[in-house]
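Enquirer: Sharing a structure, written as structure tokens. Questions coming.
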Amino acid sequence: LGFDSRHSRRHFLKLAGYGTLGLMAAGLWPGFDGFAAGQTPDTEFIPDLDITLSARPGEVPVLPGDPTLIWRYHATVHKGDRTRIAEIPRSYLGPIIKVHQGEKIRIRFRNAIPEESIVHWHGLHVPAIMDGHPRYVVPQGQSYLYEFEVKNRAGTYWYHPHPHGRTGPQVYRGLAGLFLVSDEEEQAVGLPDGEYDVPLVIQDRTFDSGNQLVYMSGHRMERMTGFLGDMIMVNGLPDFTLPVSTAAYRLRLLNGSNSRIYKLAWEDGRPLTIIGTDGGLLERPVFRRYVFLSPGERLEIWADFSDNPVGYTTSLLSLPFDVGGMGGGRMGRGMMMGGRTGQNLNLPNGVAFSVFKVKVAQPVKTDYRLPDTLSEIGPVRPDDAANFFRPRQFYLTMRHMQWTINGRVFQMEEVADDEIVQLGSTEIWEFNNTGGGMMNMMNMPHPIHLHGKQFRVIERSGVAHEGYVDEGWKDTVLLMPGERIKILVDFDDYPGMFLYHCHNLEHEDMGMMRNYFVRE
Ligand code: C2O
Ligand code: CU
């Protein structure tokens, strides 16, 4: 039923009308002269932090020799504590923005790159017009005003561009940054902080002989699989080594890669101690031999080096993996994941590579101890869902050499019948990555991301990989081929149009993205 396009079209027209009125009232409709300039700071809104965040071209010395031309976010603080903005020296990454739950934030985004852009606050619970939907893109020289209250729990969130069809290349050029939220619950736990709280953004990049970034090769298959770079960067730096003291650390990992999935494990065999995921701290630590980190996802790990001698080194590795699944044809198994990973990094097939090294550099006495209890997040209650017996179904398939969701690709203003939800409802959404019929050879993992919401994973079935952390709040969830996942989402406030999509940025740019509409 939901596939009836005439039906969808009718609904779409209605919605477009609705949306237009609302936006015109807010002075935001793109058809108006100086669309973003038409926005004016709300005088009732008293920000705790007021910054300008500009995206602009620049250069950084990434490799020995010539600097690399990049695009980067820069921040200037108009009001608020300047230490809330932490620049990462020598990096193409944008500043780390640090806020506290309940604070009011004003961000004046200024687009100074030579194409349209808009900023999305990945993982943040914000109103639809503050979410960076591609319909709000602004051209070079214009701004977009964001004003919102930080509603999220403490956690590791991030921001990046979201213009349709250009998210991949813009992120690849350097446009991304972390957005860290703290709250009282987190502060009461007494986790390692200051220099013992380390954000680590993991990405892959390819450079040419003149040290310039190389994006897509132009090969058709690369559009299908997504871009894989041949060097691993951490916080924008190659060959990253983290110097540590003999102490426990809170490592905040973000996979900011366009499409590379990492299967993380410690080289020295210690288990990974996971304390947090996309939406903040878990209830209690969980332990894994290895864990997948797909594009857009975050993981917070507890890493204790207090028993290691000065001089000790280890690595966080990415292990080779088989994407498995049904069929698992040539693309699925050999070439794409294990094989390409190996080849691209100039390593033989099936060999692990180091994401970053850790070197114990100095002795220190600290008394951070892994807490038994980290936070309270409560049980998942699937029976709260209005559609408990008939979850919304989303099939991730390939059609006509296009990645699709329920056979559809992104249309800027389109919402189908089965993409409209009622404000105030709690729902189960089921995603199926169970293959594309005769295209089984093209089975691929898809990290699925919902805008504007944190959700809980109810159930994962199909292939039983152990490397998932489905326990906490999530906004991005990896589905390997053959997997099916049910999530519980509460559409408790904020009506309007939001996105859900695959966070493999090449898939997203090709249209593996759709709107959902929260109706009042
Ligand atoms: Cu981080 Cu719509 O994405
Ligand atoms: Cu995908």
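Identifiers for the structure tokens are assigned positionally: chains receive A, B, ... in sequence, residues are indexed from 1 per chain, and ligands are indexed from 1 in the order shown.
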Can you pull out every residue from stretch 69-137 of chain A that DSSP, working from the backbone, puts in helix (DSSP H, G or I), and format the result as an MDAnalysis selection string?
Expert: chainID A and resid 82:84 128:130 134:136
Enquirer: Could you save those same residues with C-alpha atoms as a JSON list (two decimals), in the first residue's frame?
Expert:
```
[["chain", "number", "residue", "atom", "x", "y", "z"],
["A", 82, "ARG", "CA", 35.26, 30.99, 25.58],
["A", 83, "THR", "CA", 36.56, 27.69, 26.91],
["A", 84, "ARG", "CA", 33.38, 26.09, 25.57],
["A", 128, "ALA", "CA", 12.70, 20.70, 12.67],
["A", 129, "ILE", "CA", 13.85, 24.12, 11.42],
["A", 130, "MET", "CA", 16.99, 23.87, 13.59],
["A", 134, "PRO", "CA", 18.78, 20.16, 3.14],
["A", 135, "ARG", "CA", 15.75, 22.32, 2.23],
["A", 136, "TYR", "CA", 17.37, 25.03, 4.38]]
```
Enquirer: Which residues are near ligand 1 - at most 7 Å, using only C-alpha atoms and all ligand atoms? Format: as JSON, numbers by chain.
Expert: {"A": [120, 122, 160, 162, 296, 449, 451, 499, 500, 501, 503]}
Enquirer: Taking the DSSP assignment computed from this structure's backbone, write out as a compact mmCIF listing (two decimals) with N, CA and C atoms, in the first residue's frame all residues of stretch 83-307 of chain A that belong to strand (DSSP E or B).
Expert:
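Below is the file result-v9.txt, written as the result:
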```txt
# COMPACT_ATOMS: atom_id res chain seq x y z
N ILE A 85 34.58 26.49 23.53
CA ILE A 85 34.96 26.25 22.14
C ILE A 85 36.42 25.83 22.14
N ALA A 86 36.67 24.57 21.79
CA ALA A 86 38.06 24.08 21.79
C ALA A 86 38.51 23.75 20.39
N ILE A 96 35.60 21.86 18.87
CA ILE A 96 34.73 21.06 19.73
C ILE A 96 33.86 22.05 20.51
N ILE A 97 32.56 21.90 20.39
CA ILE A 97 31.64 22.79 21.09
C ILE A 97 31.15 22.06 22.33
N LYS A 98 31.36 22.67 23.51
CA LYS A 98 30.98 22.02 24.77
C LYS A 98 29.85 22.77 25.44
N VAL A 99 28.77 22.08 25.69
CA VAL A 99 27.61 22.72 26.31
C VAL A 99 27.08 21.86 27.44
N HIS A 100 26.19 22.43 28.21
CA HIS A 100 25.58 21.71 29.32
C HIS A 100 24.08 21.59 29.05
N LYS A 104 20.88 27.39 26.57
CA LYS A 104 20.34 27.90 25.31
C LYS A 104 21.50 28.31 24.42
N ILE A 105 21.44 27.84 23.18
CA ILE A 105 22.56 28.03 22.27
C ILE A 105 22.10 28.80 21.03
N ARG A 106 22.85 29.81 20.68
CA ARG A 106 22.61 30.49 19.40
C ARG A 106 23.85 30.29 18.54
N ILE A 107 23.64 29.77 17.34
CA ILE A 107 24.75 29.58 16.42
C ILE A 107 24.41 30.26 15.10
N ARG A 108 25.24 31.22 14.74
CA ARG A 108 25.04 31.91 13.46
C ARG A 108 25.96 31.23 12.47
N PHE A 109 25.37 30.36 11.66
CA PHE A 109 26.18 29.65 10.67
C PHE A 109 26.41 30.57 9.48
N ARG A 110 27.66 30.71 9.10
CA ARG A 110 27.97 31.54 7.95
C ARG A 110 28.66 30.67 6.91
N ASN A 111 28.04 30.62 5.74
CA ASN A 111 28.59 29.76 4.70
C ASN A 111 29.56 30.52 3.81
N SER A 117 25.34 25.05 1.56
CA SER A 117 25.55 24.17 2.70
C SER A 117 24.57 24.50 3.81
N VAL A 119 24.06 23.18 8.32
CA VAL A 119 24.66 22.35 9.36
C VAL A 119 23.61 21.49 10.05
N HIS A 120 23.92 20.24 10.21
CA HIS A 120 23.07 19.31 10.97
C HIS A 120 23.76 18.97 12.28
N TRP A 121 22.99 18.98 13.37
CA TRP A 121 23.50 18.66 14.71
C TRP A 121 23.16 17.22 14.98
N HIS A 122 24.10 16.37 14.64
CA HIS A 122 23.85 14.93 14.63
C HIS A 122 23.63 14.40 16.05
N VAL A 138 21.95 27.25 2.49
CA VAL A 138 22.21 28.64 2.14
C VAL A 138 23.40 28.70 1.20
N SER A 143 23.85 33.29 5.67
CA SER A 143 23.91 32.66 6.99
C SER A 143 22.62 31.94 7.32
N TYR A 144 22.68 31.12 8.29
CA TYR A 144 21.48 30.47 8.84
C TYR A 144 21.57 30.57 10.36
N LEU A 145 20.47 30.94 10.95
CA LEU A 145 20.47 31.16 12.39
C LEU A 145 19.88 29.97 13.13
N TYR A 146 20.64 29.46 14.07
CA TYR A 146 20.16 28.37 14.91
C TYR A 146 19.98 28.88 16.34
N GLU A 147 18.84 28.58 16.91
CA GLU A 147 18.60 28.88 18.32
C GLU A 147 17.88 27.69 18.91
N PHE A 148 18.49 27.06 19.88
CA PHE A 148 17.80 25.92 20.50
C PHE A 148 18.30 25.70 21.92
N GLU A 149 17.48 24.98 22.64
CA GLU A 149 17.86 24.60 23.98
C GLU A 149 18.43 23.18 23.90
N GLY A 155 26.60 13.52 26.47
CA GLY A 155 27.06 12.57 25.47
C GLY A 155 27.92 13.23 24.41
N THR A 156 28.34 12.40 23.48
CA THR A 156 29.23 12.83 22.41
C THR A 156 28.42 12.94 21.13
N TYR A 157 28.08 14.16 20.77
CA TYR A 157 27.31 14.41 19.56
C TYR A 157 28.25 15.09 18.56
N TRP A 158 27.75 15.37 17.36
CA TRP A 158 28.64 16.04 16.40
C TRP A 158 27.85 16.84 15.39
N TYR A 159 28.54 17.62 14.61
CA TYR A 159 27.87 18.43 13.59
C TYR A 159 28.61 18.32 12.28
N HIS A 160 27.84 18.41 11.20
CA HIS A 160 28.44 18.29 9.87
C HIS A 160 27.45 18.85 8.85
N PRO A 161 27.89 19.09 7.60
CA PRO A 161 27.00 19.66 6.59
C PRO A 161 25.94 18.64 6.16
N GLY A 177 32.66 18.48 13.19
CA GLY A 177 33.18 18.81 14.51
C GLY A 177 32.36 18.12 15.59
N LEU A 178 32.92 18.07 16.78
CA LEU A 178 32.23 17.42 17.90
C LEU A 178 31.39 18.42 18.68
N PHE A 179 30.33 17.92 19.29
CA PHE A 179 29.42 18.73 20.09
C PHE A 179 29.19 17.93 21.37
N LEU A 180 29.87 18.32 22.43
CA LEU A 180 29.82 17.53 23.66
C LEU A 180 28.85 18.14 24.66
N VAL A 181 27.99 17.30 25.17
CA VAL A 181 27.01 17.75 26.15
C VAL A 181 27.34 17.13 27.50
N SER A 182 27.27 17.94 28.54
CA SER A 182 27.43 17.42 29.90
C SER A 182 26.10 17.62 30.64
N ASP A 197 39.97 12.90 29.46
CA ASP A 197 38.75 12.77 28.67
C ASP A 197 39.15 13.15 27.24
N VAL A 198 39.30 12.15 26.38
CA VAL A 198 39.91 12.40 25.08
C VAL A 198 38.97 12.08 23.92
N PRO A 199 38.57 13.09 23.15
CA PRO A 199 37.77 12.84 21.95
C PRO A 199 38.67 12.38 20.81
N LEU A 200 38.22 11.37 20.09
CA LEU A 200 39.01 10.82 18.99
C LEU A 200 38.10 10.63 17.77
N VAL A 201 38.29 11.46 16.77
CA VAL A 201 37.46 11.38 15.57
C VAL A 201 38.23 10.56 14.53
N ILE A 202 37.62 9.46 14.12
CA ILE A 202 38.30 8.52 13.21
C ILE A 202 37.76 8.69 11.79
N GLN A 203 38.66 8.92 10.86
CA GLN A 203 38.27 9.11 9.46
C GLN A 203 39.32 8.49 8.55
N ASP A 204 38.97 8.28 7.30
CA ASP A 204 39.95 7.83 6.32
C ASP A 204 40.02 8.82 5.17
N ARG A 205 41.23 9.01 4.67
CA ARG A 205 41.46 9.99 3.62
C ARG A 205 42.49 9.44 2.64
N THR A 206 42.41 9.92 1.40
CA THR A 206 43.43 9.60 0.40
C THR A 206 44.04 10.92 -0.08
N PHE A 207 45.36 10.95 -0.16
CA PHE A 207 46.05 12.16 -0.62
C PHE A 207 46.80 11.86 -1.91
N LEU A 213 43.69 16.28 -1.07
CA LEU A 213 42.68 15.24 -0.87
C LEU A 213 42.16 14.70 -2.19
N VAL A 214 42.04 13.39 -2.26
CA VAL A 214 41.43 12.75 -3.42
C VAL A 214 40.12 12.14 -2.94
N MET A 231 44.35 6.19 4.09
CA MET A 231 45.06 6.53 5.33
C MET A 231 44.04 6.75 6.43
N ILE A 232 44.38 6.30 7.62
CA ILE A 232 43.49 6.54 8.75
C ILE A 232 43.94 7.81 9.47
N MET A 233 42.98 8.70 9.69
CA MET A 233 43.25 9.96 10.37
C MET A 233 42.53 9.94 11.71
N VAL A 234 43.19 10.47 12.73
CA VAL A 234 42.51 10.64 14.01
C VAL A 234 42.62 12.11 14.38
N LEU A 237 44.68 14.00 11.98
CA LEU A 237 46.12 13.77 11.87
C LEU A 237 46.41 12.32 11.49
N PRO A 238 47.40 12.13 10.61
CA PRO A 238 47.77 10.76 10.24
C PRO A 238 48.67 10.14 11.31
N THR A 241 49.32 8.97 17.47
CA THR A 241 49.71 8.30 18.72
C THR A 241 49.17 9.13 19.87
N LEU A 242 48.48 8.46 20.76
CA LEU A 242 47.96 9.15 21.94
C LEU A 242 48.92 8.91 23.11
N PRO A 243 49.61 9.96 23.55
CA PRO A 243 50.47 9.78 24.72
C PRO A 243 49.59 9.77 25.97
N VAL A 244 49.74 8.75 26.80
CA VAL A 244 48.91 8.68 28.01
C VAL A 244 49.80 8.57 29.24
N SER A 245 49.17 8.81 30.39
CA SER A 245 49.83 8.58 31.66
C SER A 245 49.31 7.26 32.21
N ALA A 248 43.46 5.92 34.12
CA ALA A 248 42.29 5.51 33.35
C ALA A 248 41.81 6.69 32.50
N TYR A 249 41.33 6.39 31.32
CA TYR A 249 40.87 7.40 30.37
C TYR A 249 39.44 7.14 29.92
N ARG A 250 38.79 8.24 29.60
CA ARG A 250 37.52 8.17 28.90
C ARG A 250 37.81 8.55 27.45
N LEU A 251 37.73 7.57 26.55
CA LEU A 251 38.00 7.84 25.15
C LEU A 251 36.67 7.94 24.41
N ARG A 252 36.44 9.07 23.78
CA ARG A 252 35.18 9.27 23.06
C ARG A 252 35.46 9.09 21.58
N LEU A 253 34.99 8.00 21.02
CA LEU A 253 35.26 7.72 19.62
C LEU A 253 34.07 8.12 18.75
N LEU A 254 34.38 8.82 17.67
CA LEU A 254 33.37 9.10 16.64
C LEU A 254 33.89 8.56 15.33
N ASN A 255 33.07 7.77 14.64
CA ASN A 255 33.44 7.41 13.28
C ASN A 255 32.90 8.50 12.36
N TYR A 262 34.61 0.33 11.07
CA TYR A 262 35.75 -0.22 11.80
C TYR A 262 35.27 -1.34 12.72
N LYS A 263 36.10 -2.37 12.83
CA LYS A 263 35.83 -3.44 13.79
C LYS A 263 36.95 -3.33 14.82
N LEU A 264 36.65 -2.64 15.89
CA LEU A 264 37.69 -2.22 16.82
C LEU A 264 38.02 -3.26 17.88
N ALA A 265 39.30 -3.39 18.16
CA ALA A 265 39.76 -4.29 19.23
C ALA A 265 41.12 -3.80 19.70
N TRP A 266 41.43 -4.04 20.96
CA TRP A 266 42.75 -3.67 21.46
C TRP A 266 43.77 -4.71 21.01
N LEU A 272 37.33 -4.52 25.22
CA LEU A 272 36.89 -3.13 25.17
C LEU A 272 35.86 -2.93 26.28
N THR A 273 36.07 -1.89 27.06
CA THR A 273 35.12 -1.56 28.11
C THR A 273 34.30 -0.38 27.62
N ILE A 274 33.05 -0.65 27.28
CA ILE A 274 32.21 0.39 26.68
C ILE A 274 31.38 1.04 27.78
N ILE A 275 31.46 2.36 27.86
CA ILE A 275 30.66 3.07 28.88
C ILE A 275 29.56 3.94 28.26
N GLY A 276 29.67 4.21 26.97
CA GLY A 276 28.64 5.06 26.37
C GLY A 276 28.49 4.80 24.88
N THR A 277 27.32 5.20 24.36
CA THR A 277 27.08 5.10 22.92
C THR A 277 26.59 6.45 22.41
N GLY A 280 24.82 8.93 24.90
CA GLY A 280 25.38 9.12 26.24
C GLY A 280 25.71 7.82 26.96
N LEU A 281 25.85 7.94 28.26
CA LEU A 281 26.34 6.82 29.07
C LEU A 281 25.35 5.66 29.12
N LEU A 282 25.91 4.47 29.17
CA LEU A 282 25.12 3.26 29.38
C LEU A 282 24.73 3.20 30.86
N GLU A 283 23.89 2.26 31.20
CA GLU A 283 23.52 2.08 32.59
C GLU A 283 24.71 1.54 33.38
N ARG A 284 25.39 0.58 32.76
CA ARG A 284 26.61 0.04 33.36
C ARG A 284 27.56 -0.35 32.25
N PRO A 285 28.85 -0.46 32.56
CA PRO A 285 29.81 -0.79 31.50
C PRO A 285 29.52 -2.16 30.88
N VAL A 286 29.79 -2.30 29.58
CA VAL A 286 29.71 -3.61 28.95
C VAL A 286 31.07 -3.92 28.33
N PHE A 287 31.34 -5.20 28.17
CA PHE A 287 32.65 -5.62 27.70
C PHE A 287 32.50 -6.38 26.39
N ARG A 288 33.39 -6.10 25.44
CA ARG A 288 33.34 -6.76 24.13
C ARG A 288 34.77 -7.09 23.71
N VAL A 291 34.27 -4.48 18.64
CA VAL A 291 33.03 -3.75 18.46
C VAL A 291 33.04 -3.01 17.13
N PHE A 292 31.89 -3.02 16.45
CA PHE A 292 31.78 -2.28 15.19
C PHE A 292 31.49 -0.82 15.46
N LEU A 293 32.11 0.03 14.67
CA LEU A 293 31.81 1.46 14.73
C LEU A 293 31.58 1.92 13.29
N ARG A 298 28.96 6.81 17.67
CA ARG A 298 29.95 7.12 18.70
C ARG A 298 29.99 6.00 19.73
N LEU A 299 31.15 5.85 20.32
CA LEU A 299 31.35 4.89 21.41
C LEU A 299 32.25 5.56 22.41
N GLU A 300 31.90 5.42 23.69
CA GLU A 300 32.81 5.91 24.72
C GLU A 300 33.41 4.69 25.39
N ILE A 301 34.73 4.65 25.43
CA ILE A 301 35.37 3.50 26.06
C ILE A 301 36.23 3.93 27.24
N TRP A 302 36.27 3.07 28.22
CA TRP A 302 37.08 3.25 29.41
C TRP A 302 38.38 2.50 29.12
N ALA A 303 39.51 3.18 29.20
CA ALA A 303 40.79 2.53 28.91
C ALA A 303 41.73 2.83 30.07
N ASP A 304 42.10 1.79 30.77
CA ASP A 304 42.90 1.97 31.99
C ASP A 304 44.35 1.52 31.76
```
Enquirer: Just the number, please: distance in Å from atom CA of A:Gly236 to atom CA of A:Ala352, one decimal.
Expert: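 So the two atoms, atom CA of A:Gly236 and atom CA of A:Ala352, lie 21.0 Å apart.
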Enquirer: Calculated over only C-alpha atoms, which of the candidates A:Ile70, A:Asn308, A:Asp384, A:Asn515 has the smallest distance to A:Tyr172?
Expert: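 Looking only at the distances to A:Tyr172, the closest residue turns out to be A:Ile70.
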Enquirer: Residues up to 8 Å from ligand 2, counting only C-alpha atoms and all ligand atoms: could you list those as a PyMOL selection string?
Expert: chain A and resi 396+403+444-448+501-508+512
Enquirer: Enter the distance from atom CA of A:Val421 to atom CA of A:Glu520, in Å, rounded to one decimal.
Expert: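 Straight-line distance from atom CA of A:Val421 to atom CA of A:Glu520 works out to 8.9 Å.
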Enquirer: May I have the residues within 8 Å of A:Asn406 as a list in words, using only C-alpha atoms and disregarding those fewer than 5 positions away in the same chain?
Expert: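 So the residues in contact are Phe3, Phe394, Tyr395, Leu396 and Thr397 of chain A.
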Enquirer: Would you mind exporting C-alpha atoms of the selected residues as an mmCIF file, in the first residue's frame?
Expert:
```
data_model
loop_
_atom_site.group_PDB
_atom_site.id
_atom_site.type_symbol
_atom_site.label_atom_id
_atom_site.label_comp_id
_atom_site.auth_asym_id
_atom_site.auth_seq_id
_atom_site.Cartn_x
_atom_site.Cartn_y
_atom_site.Cartn_z
ATOM 1 C CA PHE A 3 4.344 1.949 -2.312
ATOM 2 C CA PHE A 394 11.638 -0.252 6.092
ATOM 3 C CA TYR A 395 13.465 -2.369 3.540
ATOM 4 C CA LEU A 396 16.981 -1.394 2.526
ATOM 5 C CA THR A 397 17.337 -2.527 -1.038
#
```
